[in-house]
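Let me begin by presenting the structure, written as structure tokens, before commenting on it.
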2 protein chains.
Amino acid sequence: MPSSRPLRADARRNREALLAAARDAFLGDDTDAHVEEIARRAGVAIGTLYRHFETREALVEEVYRKEVDELCAAPGELLDHHAPDEALRRFLLLLVDHAAVGKGMAVALESITATDSPVFDNARAQMANTLTRLLDAGARAGTLRDDVTGPTLLRALGGICAMRATEGWQAEARQIAALLHDGLRFGAPRAT
Amino acid sequence: MPSSRPLRADARRNREALLAAARDAFLGDDTDAHVEEIARRAGVAIGTLYRHFETREALVEEVYRKEVDELCAAPGELLDHHAPDEALRRFLLLLVDHAAVGKGMAVALESITATDSPVFDNARAQMANTLTRLLDAGARAGTLRDDVTGPTLLRALGGICAMRATEGWQAEARQIAALLHDGLRFGAPRAT
DNA sequence: TACACAAACGGAGTCGGACTCACATTAGGG
DNA sequence: CCCTAATGTGAGTCCGACTCCGTTTGTGTA
């Protein structure tokens, strides 16, 4: 309900403090930071936290939306400067990098890609659309197969995002991205 | 500590009742059945449940171990009757079928593939070994690329296992399996 | 068959963490 | 400056995993 009324100054301040505190916690190591801890870091009481965010999960979603937005903004430029299959390749690597931001981001991406939690409905739809856009461009160019949809590819990426905390996981993640990319090119009309 | 002493008759009975009740719950829809509910279904008290299983997770692991064992037993026969890349293809489809057993099984497979929870260390290692075996056979035959390891492929499968409850997910899952399979063949010395 | 006792059982109670609610405080329009 | 609706507060509730210890029972032995 942020649109109904401009939100009082102190309320906005607290809301932002909460988001900042949550970001610190979630994007860092403390993926399952307690709400109490987040409120404390933000310098407010629990009640205030719950005035601004329906549930703990709603707060989590809000924190990660910005990251997802940024990620999903990339394809526009990528498609301007690269062939569709190359754009897709770069986007997948970008995804790996984002997952690398922190354990928290990886967990969030996992939730977005791998579950059907309604909390991430928006983020999931946005990511799926982004992938669809890249896939469509590649299909039109004949360099990517045309029988895989954005939502399907999104699911396939779950494995990447879920990785963390293991030695050398990033190399592994890149390899899986490459594997999927190759799978998408394999058998395309103009496969290279 | 089942090996130290043969376990009293009533204890064995209760243990089995608990496992049966848990299997009913987990392999059905009630993935997050409460321990109390499971104990009730088994006709024992909570204390008894905890005598047999360290934690709720330990019970979960026990329930799914059998499924994983069964799944991992398959490649032996598959490799006897099919070329390695075909054996791999079939194994991936088998994985999809197992994930289809129930929401619970899908969740378990997800945990096995996508997290690094120590609860599933055994299952994870077993699955990774199984995949390594298939990949090695394919690499020797020249029909699969040789730069992807079992653990890596296992991670990549996370996306498949995490799928559930969405209309037509199984078709989607098969497609992702095919995608990975194609990615593994793409660029192999004797790619078909 | 009876006995003894270790093993197993039961379930009320503890504990930890998400979430609520009734009251106190305060921003900011008039 | 005052009024009031918006906001903040934090002790308390709720819920579910897990613990503890008194009670019951299976079973090896005489």
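Ordering of the structure tokens sets the chain letters (A, B, ...); residue numbers start at 1 within each chain; ligands are numbered from 1 in the order shown.
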
Give me the chain C side of the contact with chain B, cut-off 8 Å, one line per residue showing its nearest atom pair and distance in Å at one decimal, counting only C-alpha atoms (C1' of nucleotides), sorted by chain and residue number, as a Markdown table.
```
| residue | atom | partner | partner_atom | distance |
| --- | --- | --- | --- | --- |
| C:DA7 | C1' | B:Arg8 | CA | 7.6 |
| C:DA8 | C1' | B:Ala11 | CA | 6.6 |
| C:DC9 | C1' | B:Thr48 | CA | 6.1 |
| C:DG10 | C1' | B:Ala45 | CA | 5.8 |
| C:DG11 | C1' | B:Ala45 | CA | 7.0 |
```

Fill in: Residues within 8 Å of Ala156 in chain A, only C-alpha atoms (C1' of nucleotides), excluding chain neighbours under 5 positions, as a list in words
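Final neighbour list, sorted by chain and number: Ala156, Leu157, Gly158, Gly159, Ile160 and Ile176 of chain B.
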
Okay, now the selection with C-alpha atoms, as a compact mmCIF listing (two decimals), in the first residue's frame?
```txt
# COMPACT_ATOMS: atom_id res chain seq x y z
CA ALA B 156 22.65 -29.53 -12.91
CA LEU B 157 19.85 -31.96 -12.21
CA GLY B 158 18.68 -29.95 -9.25
CA GLY B 159 16.35 -27.98 -11.44
CA ILE B 160 14.57 -31.11 -12.57
CA ILE B 176 15.42 -30.43 -19.36
```

Worksheet item: For chain D against chain B, which residues fall within 8 Å using only C-alpha atoms (C1' of nucleotides), given as a ChimeraX atom specification?
Response: /D:16-18,26

Discussion item. Residues of chain A within 6 Å of chain B, counting only C-alpha atoms - could you list those as a ChimeraX atom specification?
Written reply: /A:114,155-156,158-159,162,179-180,182-183

Requested write-out: N, CA and C atoms of the selected residues, as a PDB file, in the first residue's frame:
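Saved as selection36.pdb:
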```
ATOM      1  N   ALA A 114      13.633 -22.666  -8.433  1.00  0.00           N
ATOM      2  CA  ALA A 114      13.401 -24.080  -8.160  1.00  0.00           C
ATOM      3  C   ALA A 114      12.125 -24.395  -7.381  1.00  0.00           C
ATOM      4  N   ARG A 155      13.754 -23.327 -14.865  1.00  0.00           N
ATOM      5  CA  ARG A 155      13.809 -24.490 -13.994  1.00  0.00           C
ATOM      6  C   ARG A 155      15.176 -25.150 -14.072  1.00  0.00           C
ATOM      7  N   ALA A 156      15.659 -25.255 -15.309  1.00  0.00           N
ATOM      8  CA  ALA A 156      16.931 -25.939 -15.512  1.00  0.00           C
ATOM      9  C   ALA A 156      18.078 -25.209 -14.808  1.00  0.00           C
ATOM     10  N   GLY A 158      17.955 -23.883 -11.955  1.00  0.00           N
ATOM     11  CA  GLY A 158      17.873 -24.058 -10.511  1.00  0.00           C
ATOM     12  C   GLY A 158      19.131 -24.669  -9.923  1.00  0.00           C
ATOM     13  N   GLY A 159      19.629 -25.657 -10.607  1.00  0.00           N
ATOM     14  CA  GLY A 159      20.826 -26.345 -10.132  1.00  0.00           C
ATOM     15  C   GLY A 159      21.998 -25.412  -9.943  1.00  0.00           C
ATOM     16  N   ALA A 162      21.509 -23.095  -6.865  1.00  0.00           N
ATOM     17  CA  ALA A 162      21.487 -23.763  -5.580  1.00  0.00           C
ATOM     18  C   ALA A 162      22.893 -24.062  -5.066  1.00  0.00           C
ATOM     19  N   LEU A 179      26.898 -26.144 -20.426  1.00  0.00           N
ATOM     20  CA  LEU A 179      26.242 -27.402 -20.792  1.00  0.00           C
ATOM     21  C   LEU A 179      24.839 -27.122 -21.332  1.00  0.00           C
ATOM     22  N   LEU A 180      24.124 -26.293 -20.624  1.00  0.00           N
ATOM     23  CA  LEU A 180      22.765 -25.960 -21.057  1.00  0.00           C
ATOM     24  C   LEU A 180      22.806 -25.174 -22.364  1.00  0.00           C
ATOM     25  N   ASP A 182      25.069 -25.358 -24.660  1.00  0.00           N
ATOM     26  CA  ASP A 182      25.354 -26.315 -25.743  1.00  0.00           C
ATOM     27  C   ASP A 182      24.111 -27.129 -26.086  1.00  0.00           C
ATOM     28  N   GLY A 183      23.400 -27.528 -25.041  1.00  0.00           N
ATOM     29  CA  GLY A 183      22.171 -28.290 -25.270  1.00  0.00           C
ATOM     30  C   GLY A 183      21.175 -27.492 -26.090  1.00  0.00           C
TER      31      GLY A 183
END
```

Discussion item. Between CA of Leu94 in chain A and CA of Leu78 in chain A, what distance in Å does the model show, to one decimal?
Written reply: 10.9 Å

Worksheet entry | Non-local contacts of DG13 in chain C (12 Å; only C-alpha atoms (C1' of nucleotides); under 4 positions in same chain excluded) as a count of residues only | 4

Could you list, as a PDB file with N, CA and C atoms, in the first residue's frame, every residue within 8 Å of range 60-69 of chain B, counting only C-alpha atoms (C1' of nucleotides) and ignoring same-chain residues fewer than 6 positions away?
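As written to disk, selection15.pdb reads:
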```
ATOM      1  N   LEU B  19       8.671 -45.686  10.235  1.00  0.00           N
ATOM      2  CA  LEU B  19       9.147 -45.508   8.861  1.00  0.00           C
ATOM      3  C   LEU B  19       7.991 -45.581   7.874  1.00  0.00           C
ATOM      4  N   ALA B  22       5.962 -42.433   8.129  1.00  0.00           N
ATOM      5  CA  ALA B  22       6.696 -41.308   7.537  1.00  0.00           C
ATOM      6  C   ALA B  22       6.686 -41.412   6.019  1.00  0.00           C
ATOM      7  N   ARG B  23       6.844 -42.633   5.531  1.00  0.00           N
ATOM      8  CA  ARG B  23       6.833 -42.822   4.074  1.00  0.00           C
ATOM      9  C   ARG B  23       5.477 -42.390   3.516  1.00  0.00           C
ATOM     10  N   PHE B  26       5.488 -38.500   3.694  1.00  0.00           N
ATOM     11  CA  PHE B  26       6.454 -37.785   2.863  1.00  0.00           C
ATOM     12  C   PHE B  26       6.287 -38.094   1.384  1.00  0.00           C
ATOM     13  N   HIS B  98      11.285 -40.959 -10.855  1.00  0.00           N
ATOM     14  CA  HIS B  98      11.382 -41.053  -9.402  1.00  0.00           C
ATOM     15  C   HIS B  98      10.924 -39.766  -8.752  1.00  0.00           C
ATOM     16  N   MET B 105       9.160 -36.967  -2.605  1.00  0.00           N
ATOM     17  CA  MET B 105      10.355 -37.509  -3.243  1.00  0.00           C
ATOM     18  C   MET B 105      11.059 -36.417  -4.028  1.00  0.00           C
ATOM     19  N   ALA B 108      12.947 -34.337  -1.671  1.00  0.00           N
ATOM     20  CA  ALA B 108      14.135 -35.027  -1.184  1.00  0.00           C
ATOM     21  C   ALA B 108      15.234 -34.994  -2.233  1.00  0.00           C
ATOM     22  N   VAL B 119      22.867 -34.015   5.900  1.00  0.00           N
ATOM     23  CA  VAL B 119      21.895 -35.096   6.050  1.00  0.00           C
ATOM     24  C   VAL B 119      21.917 -36.010   4.834  1.00  0.00           C
ATOM     25  N   PHE B 120      22.160 -35.405   3.677  1.00  0.00           N
ATOM     26  CA  PHE B 120      22.066 -36.192   2.462  1.00  0.00           C
ATOM     27  C   PHE B 120      23.429 -36.539   1.867  1.00  0.00           C
ATOM     28  N   ALA B 123      23.540 -40.049   0.282  1.00  0.00           N
ATOM     29  CA  ALA B 123      22.739 -40.139  -0.929  1.00  0.00           C
ATOM     30  C   ALA B 123      23.398 -39.361  -2.059  1.00  0.00           C
ATOM     31  N   MET B 127      24.686 -40.880  -5.640  1.00  0.00           N
ATOM     32  CA  MET B 127      24.177 -40.407  -6.924  1.00  0.00           C
ATOM     33  C   MET B 127      25.317 -39.891  -7.803  1.00  0.00           C
TER      34      MET B 127
END
```

Worksheet item: Excluding same-chain residues fewer than 5 positions from Leu134 in chain B, what lies within 8 Å of it counting only C-alpha atoms (C1' of nucleotides), as JSON, numbers by chain?
Response: {"B": [75, 79, 84, 85, 87, 88]}

Store the residues of this selection in a file with C-alpha atoms, as an mmCIF file, in the first residue's frame.
```cif
data_model
loop_
_atom_site.group_PDB
_atom_site.id
_atom_site.type_symbol
_atom_site.label_atom_id
_atom_site.label_comp_id
_atom_site.auth_asym_id
_atom_site.auth_seq_id
_atom_site.Cartn_x
_atom_site.Cartn_y
_atom_site.Cartn_z
ATOM 1 C CA PRO B 75 22.983 -48.001 -14.344
ATOM 2 C CA LEU B 79 25.126 -50.097 -19.283
ATOM 3 C CA PRO B 84 26.704 -45.256 -22.632
ATOM 4 C CA ASP B 85 25.039 -42.123 -23.921
ATOM 5 C CA ALA B 87 22.175 -45.426 -20.832
ATOM 6 C CA LEU B 88 22.667 -41.925 -19.485
#
```

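Among the candidates B:Leu59, B:Leu71, B:Ala21, B:Ala99, the residue lying nearest to Arg41 in chain B is B:Ala21 (atoms considered: only C-alpha atoms).
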
Practice prompt. Determine which residues of range 96-160 of chain A DSSP labels as helix (DSSP H, G or I) from the backbone of this structure, then write them out as an MDAnalysis selection string.
Written response: chainID A and resid 96:99 103:114 118:141 150:156 158:160

What does the file look like for those residues with C-alpha atoms, as a PDB file, in the first residue's frame?
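Done, and the output landed in again-v7.pdb:
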```pdb
ATOM      1  CA  VAL A  96      26.264 -17.223 -12.145  1.00  0.00           C
ATOM      2  CA  ASP A  97      27.938 -13.988 -11.118  1.00  0.00           C
ATOM      3  CA  HIS A  98      24.801 -12.794  -9.414  1.00  0.00           C
ATOM      4  CA  ALA A  99      24.485 -16.064  -7.594  1.00  0.00           C
ATOM      5  CA  LYS A 103      25.055 -17.186  -0.116  1.00  0.00           C
ATOM      6  CA  GLY A 104      21.828 -15.307   0.400  1.00  0.00           C
ATOM      7  CA  MET A 105      21.497 -14.302  -3.214  1.00  0.00           C
ATOM      8  CA  ALA A 106      22.140 -17.875  -4.268  1.00  0.00           C
ATOM      9  CA  VAL A 107      19.439 -19.090  -1.944  1.00  0.00           C
ATOM     10  CA  ALA A 108      17.031 -16.500  -3.264  1.00  0.00           C
ATOM     11  CA  LEU A 109      17.749 -17.399  -6.870  1.00  0.00           C
ATOM     12  CA  GLU A 110      17.247 -20.994  -5.936  1.00  0.00           C
ATOM     13  CA  SER A 111      13.868 -20.195  -4.459  1.00  0.00           C
ATOM     14  CA  ILE A 112      12.946 -18.212  -7.521  1.00  0.00           C
ATOM     15  CA  THR A 113      13.976 -20.864  -9.996  1.00  0.00           C
ATOM     16  CA  ALA A 114      13.401 -24.080  -8.160  1.00  0.00           C
ATOM     17  CA  PRO A 118       4.119 -17.581  -4.416  1.00  0.00           C
ATOM     18  CA  VAL A 119       6.499 -15.234  -2.656  1.00  0.00           C
ATOM     19  CA  PHE A 120       8.667 -15.180  -5.734  1.00  0.00           C
ATOM     20  CA  ASP A 121       5.931 -15.217  -8.345  1.00  0.00           C
ATOM     21  CA  ASN A 122       6.868 -11.807  -9.650  1.00  0.00           C
ATOM     22  CA  ALA A 123      10.571 -12.451  -9.776  1.00  0.00           C
ATOM     23  CA  ARG A 124      10.006 -15.801 -11.411  1.00  0.00           C
ATOM     24  CA  ALA A 125       7.768 -14.361 -14.111  1.00  0.00           C
ATOM     25  CA  GLN A 126      10.263 -11.618 -14.793  1.00  0.00           C
ATOM     26  CA  MET A 127      13.144 -14.056 -15.164  1.00  0.00           C
ATOM     27  CA  ALA A 128      11.101 -16.362 -17.359  1.00  0.00           C
ATOM     28  CA  ASN A 129      10.159 -13.484 -19.629  1.00  0.00           C
ATOM     29  CA  THR A 130      13.755 -12.436 -19.888  1.00  0.00           C
ATOM     30  CA  LEU A 131      14.823 -15.932 -20.894  1.00  0.00           C
ATOM     31  CA  THR A 132      11.942 -16.225 -23.344  1.00  0.00           C
ATOM     32  CA  ARG A 133      13.108 -13.069 -25.001  1.00  0.00           C
ATOM     33  CA  LEU A 134      16.622 -14.442 -25.480  1.00  0.00           C
ATOM     34  CA  LEU A 135      15.373 -17.825 -26.639  1.00  0.00           C
ATOM     35  CA  ASP A 136      12.967 -16.297 -29.133  1.00  0.00           C
ATOM     36  CA  ALA A 137      15.677 -14.163 -30.639  1.00  0.00           C
ATOM     37  CA  GLY A 138      17.902 -17.222 -30.999  1.00  0.00           C
ATOM     38  CA  ALA A 139      15.105 -19.296 -32.479  1.00  0.00           C
ATOM     39  CA  ARG A 140      14.395 -16.627 -35.076  1.00  0.00           C
ATOM     40  CA  ALA A 141      18.080 -16.512 -35.962  1.00  0.00           C
ATOM     41  CA  GLY A 150      11.677 -19.522 -20.815  1.00  0.00           C
ATOM     42  CA  PRO A 151      10.014 -21.135 -17.799  1.00  0.00           C
ATOM     43  CA  THR A 152      11.590 -24.467 -18.678  1.00  0.00           C
ATOM     44  CA  LEU A 153      15.057 -23.016 -18.960  1.00  0.00           C
ATOM     45  CA  LEU A 154      14.474 -21.177 -15.712  1.00  0.00           C
ATOM     46  CA  ARG A 155      13.809 -24.490 -13.994  1.00  0.00           C
ATOM     47  CA  ALA A 156      16.931 -25.939 -15.512  1.00  0.00           C
ATOM     48  CA  GLY A 158      17.873 -24.058 -10.511  1.00  0.00           C
ATOM     49  CA  GLY A 159      20.826 -26.345 -10.132  1.00  0.00           C
ATOM     50  CA  ILE A 160      23.237 -23.533 -10.766  1.00  0.00           C
TER      51      ILE A 160
END
```

Worksheet entry | Spatial neighbours of range 1-5 of chain C, 12 Å, only C-alpha atoms (C1' of nucleotides), chain gap at least 3 places, as a list in words |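 Contacts, with the query itself left out: DT25, DG26, DT27, DG28, DT29 and DA30 of chain D.
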
Store the residues picked out above, limited to C-alpha atoms (C1' of nucleotides), as a PDB file, in the first residue's frame.
```pdb
ATOM      1  C1'  DT D  25       7.652 -54.314  29.051  1.00  0.00           C
ATOM      2  C1'  DG D  26      10.488 -57.783  26.632  1.00  0.00           C
ATOM      3  C1'  DT D  27      13.761 -61.284  27.485  1.00  0.00           C
ATOM      4  C1'  DG D  28      17.874 -63.904  29.321  1.00  0.00           C
ATOM      5  C1'  DT D  29      18.536 -66.633  33.412  1.00  0.00           C
ATOM      6  C1'  DA D  30      17.579 -69.799  37.263  1.00  0.00           C
TER       7       DA D  30
END
```

Discussion item. To one decimal place in Å, what is the distance between CA of Arg89 in chain B and CA of Asp29 in chain B?
Written reply: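 Result for CA of Arg89 in chain B versus CA of Asp29 in chain B: 28.3 Å, one decimal.
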
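Between CA of Glu77 in chain A and CA of Arg145 in chain A the interatomic distance comes to 22.0 Å.
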